[in-house]
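**Q** Please find model.cif (mmCIF, C-alpha atoms) on the next line:
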data_coords
#
loop_
_atom_site.label_atom_id
_atom_site.label_comp_id
_atom_site.auth_asym_id
_atom_site.auth_seq_id
_atom_site.Cartn_x
_atom_site.Cartn_y
_atom_site.Cartn_z
CA MET C 1 73.98 183.56 2.12
CA SER C 2 73.77 187.27 2.80
CA GLY C 3 71.46 188.67 5.48
CA VAL C 4 70.37 185.31 6.90
CA GLU C 5 71.60 182.77 9.40
CA ARG C 6 70.95 179.05 9.77
CA VAL C 7 69.40 177.99 13.12
CA GLY C 8 68.84 174.27 13.82
CA GLY C 9 68.53 173.47 10.11
CA ALA C 10 66.08 176.34 9.45
CA VAL C 11 66.86 179.66 7.83
CA GLU C 12 65.75 182.87 9.52
CA PRO C 13 66.61 186.53 8.98
CA ALA C 14 69.82 187.68 10.65
CA GLY C 15 69.01 189.72 13.72
CA GLY C 16 65.51 188.20 13.83
CA GLU C 17 63.82 186.30 16.65
CA ARG C 18 67.07 185.06 18.19
CA LEU C 19 68.49 188.60 18.38
CA ARG C 20 65.22 189.88 19.84
CA ARG C 21 65.30 187.22 22.55
CA TRP C 22 68.91 188.01 23.44
CA ARG C 23 67.99 191.68 23.68
CA MET C 24 65.20 190.79 26.12
CA VAL C 25 67.61 188.73 28.22
CA LEU C 26 70.44 191.28 28.26
CA GLY C 27 68.23 194.26 28.96
CA GLY C 28 69.59 196.82 26.50
CA GLY C 29 72.14 199.56 27.04
CA GLU C 30 75.55 200.03 25.48
CA GLY C 31 76.98 196.79 26.82
CA ASP C 32 74.52 194.31 25.44
CA GLY C 33 76.12 194.19 21.99
CA THR C 34 72.90 193.42 20.13
CA GLY C 35 72.20 196.85 18.68
CA CYS C 36 68.54 195.78 18.66
CA ALA C 37 65.85 198.36 19.44
CA LEU C 38 62.47 197.33 20.80
CA ALA C 39 59.14 198.96 20.11
CA GLY C 40 55.47 198.48 20.92
CA ARG C 41 54.58 195.40 22.98
CA ASP C 42 58.22 194.26 23.14
CA ALA C 43 59.22 197.55 24.72
CA GLU C 44 56.43 197.26 27.27
CA MET C 45 57.43 193.69 28.17
CA ASP C 46 61.03 194.85 28.55
CA ALA C 47 59.97 197.67 30.85
CA ALA C 48 58.07 195.20 33.07
CA LEU C 49 61.14 192.97 33.25
CA GLY C 50 63.41 195.94 33.86
CA ALA C 51 61.35 197.16 36.78
CA LEU C 52 62.17 193.94 38.61
CA TYR C 53 65.47 192.65 37.22
CA GLY C 54 67.14 195.82 35.94
CA GLY C 55 70.27 197.38 37.40
CA GLY C 56 70.59 200.53 39.44
CA ALA C 57 68.86 201.70 42.58
CA GLY C 58 65.50 202.03 40.91
CA GLY C 59 65.75 198.70 39.16
CA SER C 60 65.51 200.21 35.67
CA ARG C 61 67.13 198.86 32.51
CA LYS C 62 68.39 201.49 30.13
CA GLY C 63 66.88 201.31 26.72
CA ALA C 64 63.74 199.61 28.00
CA GLY C 65 61.45 201.78 25.92
CA ALA C 66 59.25 204.76 26.49
CA ARG C 67 57.69 203.52 29.72
CA SER C 68 59.68 204.22 32.87
CA ALA C 69 60.89 201.22 34.84
CA GLY C 70 61.24 200.70 38.57
CA LEU C 71 58.56 199.96 41.14
CA GLY C 72 59.80 201.96 44.06
CA GLY C 73 57.57 201.56 47.10
CA SER C 74 54.44 202.89 45.50
CA ALA C 75 51.32 200.73 45.68
CA PRO C 76 49.83 202.22 42.48
CA ASN C 77 53.06 201.50 40.58
CA VAL C 78 53.18 197.94 41.89
CA ALA C 79 49.50 197.32 41.11
CA ARG C 80 50.03 198.61 37.54
CA TRP C 81 53.11 196.43 37.17
CA LEU C 82 51.19 193.36 38.39
CA GLY C 83 48.57 194.03 35.78
CA ASP C 84 51.23 194.42 33.08
CA ILE C 85 52.98 191.12 33.76
CA ARG C 86 49.65 189.26 33.75
CA THR C 87 49.04 190.73 30.31
CA TYR C 88 52.44 189.88 28.85
CA PHE C 89 53.40 186.56 30.46
CA PRO C 90 51.78 183.15 31.21
CA SER C 91 50.57 182.39 34.73
CA SER C 92 53.58 180.22 35.63
CA VAL C 93 55.99 183.07 34.76
CA VAL C 94 53.83 185.61 36.58
CA GLN C 95 54.03 183.57 39.76
CA VAL C 96 57.83 183.45 39.58
CA MET C 97 58.07 187.21 38.94
CA GLN C 98 55.72 187.98 41.84
CA ARG C 99 57.81 185.83 44.17
CA ASP C 100 61.01 187.54 43.01
CA ALA C 101 59.41 190.97 43.46
CA ILE C 102 58.43 190.19 47.05
CA GLU C 103 61.92 188.90 47.86
CA ARG C 104 64.08 191.35 45.87
CA LEU C 105 62.13 194.56 46.37
CA GLY C 106 60.68 194.01 49.83
CA LEU C 107 57.05 194.38 48.78
CA SER C 108 55.55 192.25 51.56
CA ALA C 109 54.09 195.25 53.36
CA LEU C 110 52.13 196.25 50.27
CA LEU C 111 50.32 192.90 50.36
CA LEU C 112 48.50 194.19 53.43
CA GLU C 113 46.45 196.45 51.14
CA PRO C 114 43.25 194.91 49.67
CA GLU C 115 43.80 196.59 46.28
CA MET C 116 47.17 194.89 45.97
CA LEU C 117 45.81 191.46 46.86
CA GLU C 118 43.13 191.75 44.22
CA ALA C 119 45.83 192.39 41.59
CA VAL C 120 48.14 189.46 42.32
CA GLU C 121 48.12 185.98 40.77
CA PRO C 122 47.37 183.57 43.65
CA ASP C 123 49.78 180.67 44.20
CA VAL C 124 51.24 178.58 47.02
CA HIS C 125 54.14 180.94 47.69
CA LEU C 126 51.84 183.96 47.91
CA VAL C 127 49.71 182.07 50.43
CA GLY C 128 52.84 181.40 52.49
CA THR C 129 53.71 185.09 52.46
CA LEU C 130 50.18 186.06 53.50
CA LEU C 131 50.23 183.58 56.37
CA SER C 132 53.53 185.03 57.61
CA LEU C 133 51.88 188.48 57.58
CA ASN C 134 48.67 187.26 59.19
CA LYS C 135 49.20 188.83 62.61
CA ALA C 136 50.10 192.22 61.10
CA MET C 137 47.20 192.20 58.67
CA PRO C 138 44.57 194.92 59.19
CA ASP C 139 40.93 193.87 59.41
CA THR C 140 40.18 195.60 56.08
CA THR C 141 42.57 193.18 54.36
CA LYS C 142 41.73 189.89 56.08
CA GLU C 143 38.64 189.03 54.06
CA THR C 144 40.47 189.69 50.79
CA ALA C 145 43.41 187.61 52.01
CA ARG C 146 41.09 184.73 52.91
CA ALA C 147 39.55 184.90 49.44
CA VAL C 148 43.02 184.67 47.87
CA VAL C 149 43.97 181.72 50.10
CA ARG C 150 40.65 179.97 49.43
CA LYS C 151 41.16 180.24 45.68
CA VAL C 152 44.56 178.53 45.92
CA VAL C 153 43.24 175.87 48.31
CA GLU C 154 40.34 175.04 46.00
CA GLN C 155 42.72 174.73 43.05
CA LEU C 156 44.95 172.35 45.03
CA GLU C 157 42.01 170.26 46.26
CA LYS C 158 40.73 169.92 42.72
CA LYS C 159 44.18 168.91 41.48
CA LEU C 160 45.16 166.54 44.28
CA GLY C 161 41.99 165.37 46.02
CA ALA C 162 40.56 162.77 43.64
CA ARG C 163 43.83 160.92 43.07
CA THR C 164 44.65 160.94 46.79
CA ARG C 165 41.27 159.45 47.71
CA ALA C 166 41.47 156.81 44.98
CA THR C 167 45.05 155.80 45.84
CA LEU C 168 44.42 155.56 49.59
CA THR C 169 41.07 153.81 49.23
CA GLY C 170 42.81 151.10 47.20
CA ALA C 171 45.55 150.82 49.82
CA LEU C 172 43.02 150.52 52.63
CA ASP C 173 41.06 147.87 50.78
CA ARG C 174 44.17 145.84 50.07
CA SER C 175 45.33 146.06 53.69
CA ALA C 176 41.90 144.91 54.88
CA ARG C 177 41.59 141.72 52.80
CA VAL C 178 39.58 138.99 54.50
CA SER C 179 39.44 135.21 53.94
CA ARG C 180 35.65 134.83 54.15
CA PRO C 181 34.34 137.71 52.03
CA ARG C 182 30.82 138.34 50.88
CA HIS C 183 30.23 137.66 47.21
CA HIS C 184 30.50 141.29 46.08
CA ASP C 185 33.66 141.78 48.21
CA ILE C 186 35.64 138.96 46.52
CA ASP C 187 38.97 139.95 44.98
CA TRP C 188 38.65 137.65 41.96
CA ASN C 189 42.14 138.27 40.56
CA ARG C 190 43.85 137.18 43.78
CA THR C 191 41.35 134.37 44.37
CA ILE C 192 42.01 132.84 40.93
CA ARG C 193 45.78 133.10 41.37
CA ALA C 194 45.54 131.42 44.78
CA ASN C 195 43.48 128.53 43.37
CA LEU C 196 45.24 127.78 40.06
CA LYS C 197 46.30 124.41 41.46
CA ASN C 198 42.61 123.53 41.54
CA TYR C 199 42.12 123.96 37.80
CA LEU C 200 39.91 121.27 36.23
CA PRO C 201 40.83 120.87 32.53
CA GLU C 202 37.74 118.84 31.69
CA TYR C 203 35.50 121.65 32.85
CA ARG C 204 37.95 124.42 31.94
CA THR C 205 37.42 126.08 35.29
CA VAL C 206 39.09 126.78 38.61
CA VAL C 207 37.53 125.51 41.83
CA PRO C 208 37.92 128.36 44.34
CA GLU C 209 38.52 126.45 47.56
CA ARG C 210 39.93 129.58 49.20
CA LEU C 211 38.29 132.99 48.69
CA ILE C 212 40.22 136.21 49.10
CA GLY C 213 38.29 139.44 49.47
CA TYR C 214 38.49 143.11 50.25
CA GLY C 215 37.48 144.32 53.67
CA ARG C 216 34.68 146.85 53.65
CA ALA C 217 37.01 149.63 54.79
CA ALA C 218 34.57 152.45 54.23
CA GLN C 219 32.21 151.23 56.96
CA SER C 220 34.60 151.84 59.84
CA VAL C 221 37.86 153.56 60.70
CA LYS C 222 40.72 151.26 59.73
CA LYS C 223 43.74 153.55 60.06
CA GLU C 224 44.79 156.63 61.99
CA VAL C 225 47.03 159.29 60.45
CA ILE C 226 48.77 162.06 62.38
CA LEU C 227 50.27 164.90 60.35
CA CYS C 228 52.85 166.72 62.48
CA ILE C 229 53.87 169.90 60.66
CA ASP C 230 56.79 172.22 61.38
CA GLN C 231 55.53 175.80 60.91
CA SER C 232 58.90 177.54 60.91
CA GLY C 233 59.24 180.17 58.18
CA SER C 234 61.19 177.95 55.78
CA MET C 235 58.33 175.42 55.70
CA ALA C 236 55.63 177.75 54.31
CA ALA C 237 54.84 175.80 51.11
CA SER C 238 54.86 172.51 53.03
CA VAL C 239 52.33 173.91 55.52
CA VAL C 240 50.00 174.87 52.67
CA TYR C 241 50.15 171.48 50.94
CA ALA C 242 49.95 169.53 54.20
CA SER C 243 46.83 171.43 55.27
CA VAL C 244 45.13 170.61 51.98
CA PHE C 245 46.09 166.93 52.22
CA GLY C 246 44.93 166.90 55.84
CA ALA C 247 41.48 168.07 54.76
CA VAL C 248 41.37 165.44 52.00
CA LEU C 249 42.33 162.65 54.41
CA ALA C 250 39.80 163.89 56.96
CA SER C 251 37.07 163.58 54.33
CA MET C 252 37.69 159.80 54.15
CA ARG C 253 35.59 157.90 56.69
CA SER C 254 38.07 155.03 56.88
CA ILE C 255 40.91 157.28 58.10
CA ALA C 256 40.92 159.14 61.41
CA THR C 257 43.11 162.18 60.74
CA ARG C 258 44.81 164.46 63.23
CA LEU C 259 46.71 167.61 62.21
CA VAL C 260 49.24 169.14 64.58
CA VAL C 261 51.40 172.20 63.88
CA PHE C 262 54.33 173.29 65.98
CA ASP C 263 57.17 175.72 66.51
CA THR C 264 58.27 175.92 70.16
CA ALA C 265 54.59 175.42 71.06
CA VAL C 266 52.18 172.74 69.81
CA VAL C 267 48.72 173.47 68.37
CA ASP C 268 46.18 170.79 67.48
CA LEU C 269 44.06 171.97 64.53
CA THR C 270 42.14 168.73 64.01
CA ASP C 271 38.77 170.31 64.75
CA GLN C 272 39.28 172.73 61.84
CA LEU C 273 40.10 170.12 59.20
CA ASP C 274 36.74 170.52 57.49
CA ASP C 275 38.04 173.85 56.15
CA PRO C 276 41.75 173.97 55.22
CA VAL C 277 41.57 177.78 55.00
CA ASP C 278 40.76 177.88 58.73
CA VAL C 279 43.67 175.50 59.31
CA LEU C 280 46.05 177.76 57.42
CA PHE C 281 44.97 180.88 59.26
CA GLY C 282 45.38 178.93 62.49
CA THR C 283 49.09 178.52 61.80
CA GLN C 284 51.78 181.03 62.71
CA LEU C 285 54.74 180.83 60.35
CA GLY C 286 58.10 181.68 61.87
CA GLY C 287 59.59 181.20 65.31
CA GLY C 288 61.69 178.40 66.77
CA THR C 289 61.35 174.63 66.56
CA ASP C 290 60.79 171.97 69.20
CA ILE C 291 60.24 168.68 67.38
CA ASN C 292 60.56 166.64 70.57
CA ARG C 293 57.65 168.46 72.22
CA ALA C 294 55.50 168.02 69.12
CA LEU C 295 56.24 164.30 68.90
CA ALA C 296 55.52 163.89 72.60
CA TYR C 297 52.05 165.34 72.00
CA CYS C 298 51.46 163.11 68.97
CA GLN C 299 52.64 160.04 70.89
CA SER C 300 50.11 160.79 73.65
CA LYS C 301 47.28 160.64 71.06
CA ILE C 302 48.15 157.20 69.67
CA THR C 303 45.68 154.51 70.79
CA ARG C 304 46.23 151.84 68.10
CA PRO C 305 49.95 151.85 67.25
CA ALA C 306 49.77 149.04 64.67
CA ASP C 307 47.12 150.97 62.72
CA THR C 308 48.73 154.43 63.00
CA VAL C 309 50.87 156.39 60.57
CA VAL C 310 52.75 159.45 61.87
CA VAL C 311 54.00 161.87 59.22
CA LEU C 312 56.56 164.39 60.46
CA ILE C 313 57.03 167.24 57.99
CA SER C 314 60.10 169.21 59.07
CA ASP C 315 63.56 170.31 57.98
CA LEU C 316 64.74 168.71 61.27
CA TYR C 317 66.51 171.79 62.63
CA GLU C 318 65.72 170.88 66.22
CA GLY C 319 65.73 173.46 68.99
CA GLY C 320 64.52 170.99 71.58
CA ILE C 321 66.14 167.90 73.07
CA ARG C 322 67.67 165.90 70.20
CA ASN C 323 68.19 162.60 72.04
CA GLU C 324 64.65 162.64 73.42
CA MET C 325 63.29 163.26 69.92
CA LEU C 326 65.10 160.21 68.57
CA LYS C 327 64.00 158.08 71.53
CA ARG C 328 60.38 158.98 70.84
CA VAL C 329 60.67 157.98 67.20
CA ALA C 330 62.31 154.68 68.19
CA ALA C 331 59.59 154.01 70.78
CA MET C 332 56.79 154.70 68.29
CA LYS C 333 58.32 152.41 65.69
CA ALA C 334 58.88 149.67 68.27
CA SER C 335 55.18 149.83 69.20
CA GLY C 336 54.17 149.26 65.56
CA VAL C 337 53.66 152.85 64.34
CA GLU C 338 54.60 153.58 60.72
CA PHE C 339 56.78 156.71 60.92
CA VAL C 340 57.39 158.89 57.84
CA THR C 341 59.71 161.91 57.78
CA LEU C 342 59.31 164.43 54.97
CA LEU C 343 61.94 167.16 54.79
CA ALA C 344 59.57 169.14 52.57
CA LEU C 345 56.18 168.67 50.93
CA SER C 346 56.44 171.02 47.98
CA ASP C 347 57.39 171.37 44.33
CA GLU C 348 60.73 172.99 45.18
CA GLY C 349 64.13 171.37 44.74
CA ALA C 350 66.20 169.75 47.48
CA PRO C 351 65.55 171.63 50.75
CA ALA C 352 68.06 172.71 53.37
CA TYR C 353 67.83 170.33 56.33
CA ASP C 354 69.77 168.97 59.31
CA ARG C 355 71.72 166.10 57.78
CA GLU C 356 72.84 164.69 61.13
CA HIS C 357 69.27 164.30 62.35
CA ALA C 358 68.19 162.86 59.00
CA ALA C 359 70.94 160.23 59.20
CA ALA C 360 69.95 159.36 62.78
CA LEU C 361 66.33 158.85 61.74
CA ALA C 362 67.39 156.70 58.78
CA ALA C 363 69.37 154.53 61.21
CA LEU C 364 66.12 153.99 63.11
CA GLY C 365 64.40 152.81 59.94
CA ALA C 366 62.65 156.11 59.25
CA PRO C 367 64.37 157.58 56.19
CA ALA C 368 63.92 161.33 55.72
CA PHE C 369 63.32 162.65 52.21
CA ALA C 370 61.66 165.49 50.35
CA CYS C 371 58.36 164.73 48.67
CA THR C 372 56.42 166.48 45.92
CA PRO C 373 52.63 166.79 46.26
CA ASP C 374 52.17 164.40 43.31
CA LEU C 375 54.16 161.69 45.12
CA PHE C 376 52.48 162.13 48.51
CA PRO C 377 49.48 159.81 47.83
CA ASP C 378 51.87 156.99 46.88
CA VAL C 379 53.95 157.57 50.02
CA MET C 380 50.83 157.44 52.18
CA ALA C 381 49.53 154.33 50.40
CA ALA C 382 52.82 152.53 51.05
CA ALA C 383 52.78 153.57 54.72
CA LEU C 384 49.18 152.40 55.18
CA GLU C 385 50.04 149.02 53.63
CA LYS C 386 53.34 148.84 55.54
CA ARG C 387 55.28 148.56 52.28
CA PRO C 388 58.70 150.13 51.63
CA LEU C 389 58.28 153.84 50.98
CA PRO C 390 58.84 155.09 47.40
CA VAL C 391 61.79 157.28 48.35
CA PRO C 392 62.68 159.44 45.32
#
Could you write out this file's structure as structure tokens?

**A**
Amino acid sequence: MSGVERVGGAVEPAGGERLRRWRMVLGGGEGDGTGCALAGRDAEMDAALGALYGGGAGGSRKGAGARSAGLGGSAPNVARWLGDIRTYFPSSVVQVMQRDAIERLGLSALLLEPEMLEAVEPDVHLVGTLLSLNKAMPDTTKETARAVVRKVVEQLEKKLGARTRATLTGALDRSARVSRPRHHDIDWNRTIRANLKNYLPEYRTVVPERLIGYGRAAQSVKKEVILCIDQSGSMAASVVYASVFGAVLASMRSIATRLVVFDTAVVDLTDQLDDPVDVLFGTQLGGGTDINRALAYCQSKITRPADTVVVLISDLYEGGIRNEMLKRVAAMKASGVEFVTLLALSDEGAPAYDREHAAALAALGAPAFACTPDLFPDVMAAALEKRPLPVP
């Protein structure tokens, strides 16, 4: 069959879409072997890719089309490139390319300019970068940066808030079941199951000798949650997600929420939980780590151990006193505290972490594992109900 090739059972022109895609991947030049020339929109897309991923000092890919590639250190060039990639690629791809540009081409300093911030596609990783630059940020940029952070926070709250509230409300209700409920608080499913032995066939009914009901958890604080967050540079995405979840938990009247961030110092941001953007700008990414000091502070705030959940979010690279840290965890668990260790709270893959410390915590009955934001409500629900954690 001349001039065509068979692909997955379908016939397409030789050198067609498959060849075009390979040309995009390989970047052109004499060595790519495709012999495929790009024009129009394809050439412009290739130039945008070449500016970031191309070879050579300027980052250009030969044969990328009429437009010159390479971003250099010029803010106008970068702003134009950001506009181009938003035109050519979907949002998820744009976010990856922005992250790569910041890491590969050292563009962090340019994010201190308001014009640049207005051109970027906001996402969790960009927020982390902005927070790391917070102290160096000029006043002219801070309001724009806050607007970018707020947009991401609102997106996350919309995505995660409703399910978190629903999941945890159910967990709190189940953990607060009472044996003498009011009529509208009766858990009929559990009541019927508990009274099946009292079934009367002649009347085709169950006599409910024992009523099981839900406690009215919303009327009073039933549980206390302490989020203890490592704000070292590697934990940026976790800090963003944890701050959003902290605000969601704080909005629930039946949970008393405390949010603590730490490096070698400890900062309690509980009074800012009504606005997660304030929480995020109250953090300082980077620096050392003293988990023991942070846990000592959290331990001092526990008044009802049996009704308290402590969530440590850290990669466990401890710069403080290791043995004291482990003793504190053991003491909290012995007093009745539910202790959860998350190595990361993000959508990333397996994080780097201190395996020795993770193993020591697991030996104390506090397994350490990474958790995605989608799984976090289930983890918290299990902790509130004192069930085994859904370790992935």

**Q** When you count all atoms listed in the file, which of these residues is closest to Ala294 (chain C): C:Leu389, C:Val248, C:Leu326, C:Ile229?

**A** C:Ile229

**Q** Translate the PyMOL selection byres ((chain C and resi 237) around 9) into a concrete residue list for this structure, as a list in words.

**A**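 Checked against the file, the PyMOL selection byres ((chain C and resi 237) around 9) matches Val124, His125, Val127, Gly128, Ser234, Met235, Ala236, Ser238, Val239, Val240, Tyr241, Ala242, Ala344, Leu345, Ser346, Asp347 and Glu348 of chain C.
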
**Q** Check which residues satisfy the PyMOL selection byres ((chain C and resi 164) around 9) in the file shown, then give them as a ChimeraX atom specification.

**A** /C:160-163,165-169,245,248-249,374,376-378,380-381

**Q** Quick one: residues within 9 Å of Val225 (chain C), all atoms listed in the file, excluding same-chain residues fewer than 4 positions away - as a PyMOL selection string?

**A** chain C and resi 249+255-259+307-311+384

**Q** Tell me, in Å to one decimal, how far CA of Met116 (chain C) is from CA of Gln98 (chain C).

**A**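 Result for CA of Met116 (chain C) versus CA of Gln98 (chain C): 11.7 Å, one decimal.
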
**Q** Give as a list of chain:residue names the residues that the PyMOL selection byres ((chain C and resi 277) around 10) matches when applied to the coordinates above.

**A**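 Given this file, the PyMOL selection byres ((chain C and resi 277) around 10) evaluates to C:Arg146, C:Ala147, C:Val149, C:Arg150, C:Lys151, C:Val152, C:Val153, C:Glu154, C:Val240, C:Ser243, C:Val244, C:Ala247, C:Gln272, C:Leu273, C:Asp274, C:Asp275, C:Pro276, C:Asp278, C:Val279, C:Leu280, C:Phe281, C:Gly282.
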
**Q** Quick one: everything within 9 Å of Ala330 (chain C), counting only C-alpha atoms, minus sequence neighbours fewer than 6 positions away in the same chain. Send it as a ChimeraX atom specification.

**A** /C:361,364-365

**Q** Quick one: pull the distance between CA of Ala250 (chain C) and CA of Ile302 (chain C), Å, one decimal.

**A** 16.6 Å

**Q** List the neighbours of Thr341 (chain C) out to 7 Å using all atoms listed in the file; skip same-chain residues closer than 2 positions along the sequence, and give me the result as a compact mmCIF listing (two decimals) with C-alpha atoms, keeping the file's coordinate frame.

**A**
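part_19.txt, freshly written:
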# COMPACT_ATOMS: atom_id res chain seq x y z
CA VAL C 311 54.00 161.87 59.22
CA LEU C 312 56.56 164.39 60.46
CA ILE C 313 57.03 167.24 57.99
CA PHE C 339 56.78 156.71 60.92
CA LEU C 343 61.94 167.16 54.79
CA ALA C 366 62.65 156.11 59.25
CA PRO C 367 64.37 157.58 56.19
CA ALA C 368 63.92 161.33 55.72
CA PHE C 369 63.32 162.65 52.21

**Q** In terms of the shortest atom-to-atom distance over only C-alpha atoms, which of C:Glu143, C:Asp84, C:Glu338, C:Asp315 is closest to Arg355 (chain C)?

**A**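 Once distances to Arg355 (chain C) are computed over only C-alpha atoms, the minimum belongs to C:Asp315.
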
**Q** What is the distance, in Å and to one decimal place, between CA of Leu196 (chain C) and CA of Gly170 (chain C)?

**A** 24.5 Å

**Q** Mind listing as a PyMOL selection string all residues within 12 Å of (45.9, 190.6, 50.8), counting all atoms listed in the file?

**A** chain C and resi 107-122+126-134+136-150

**Q** Restricting the calculation to all atoms listed in the file: of C:Val260, C:Ile186, C:Gln299, C:Pro305, which residue gets closest to Lys222 (chain C)?

**A**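 Nearest to Lys222 (chain C): C:Pro305.
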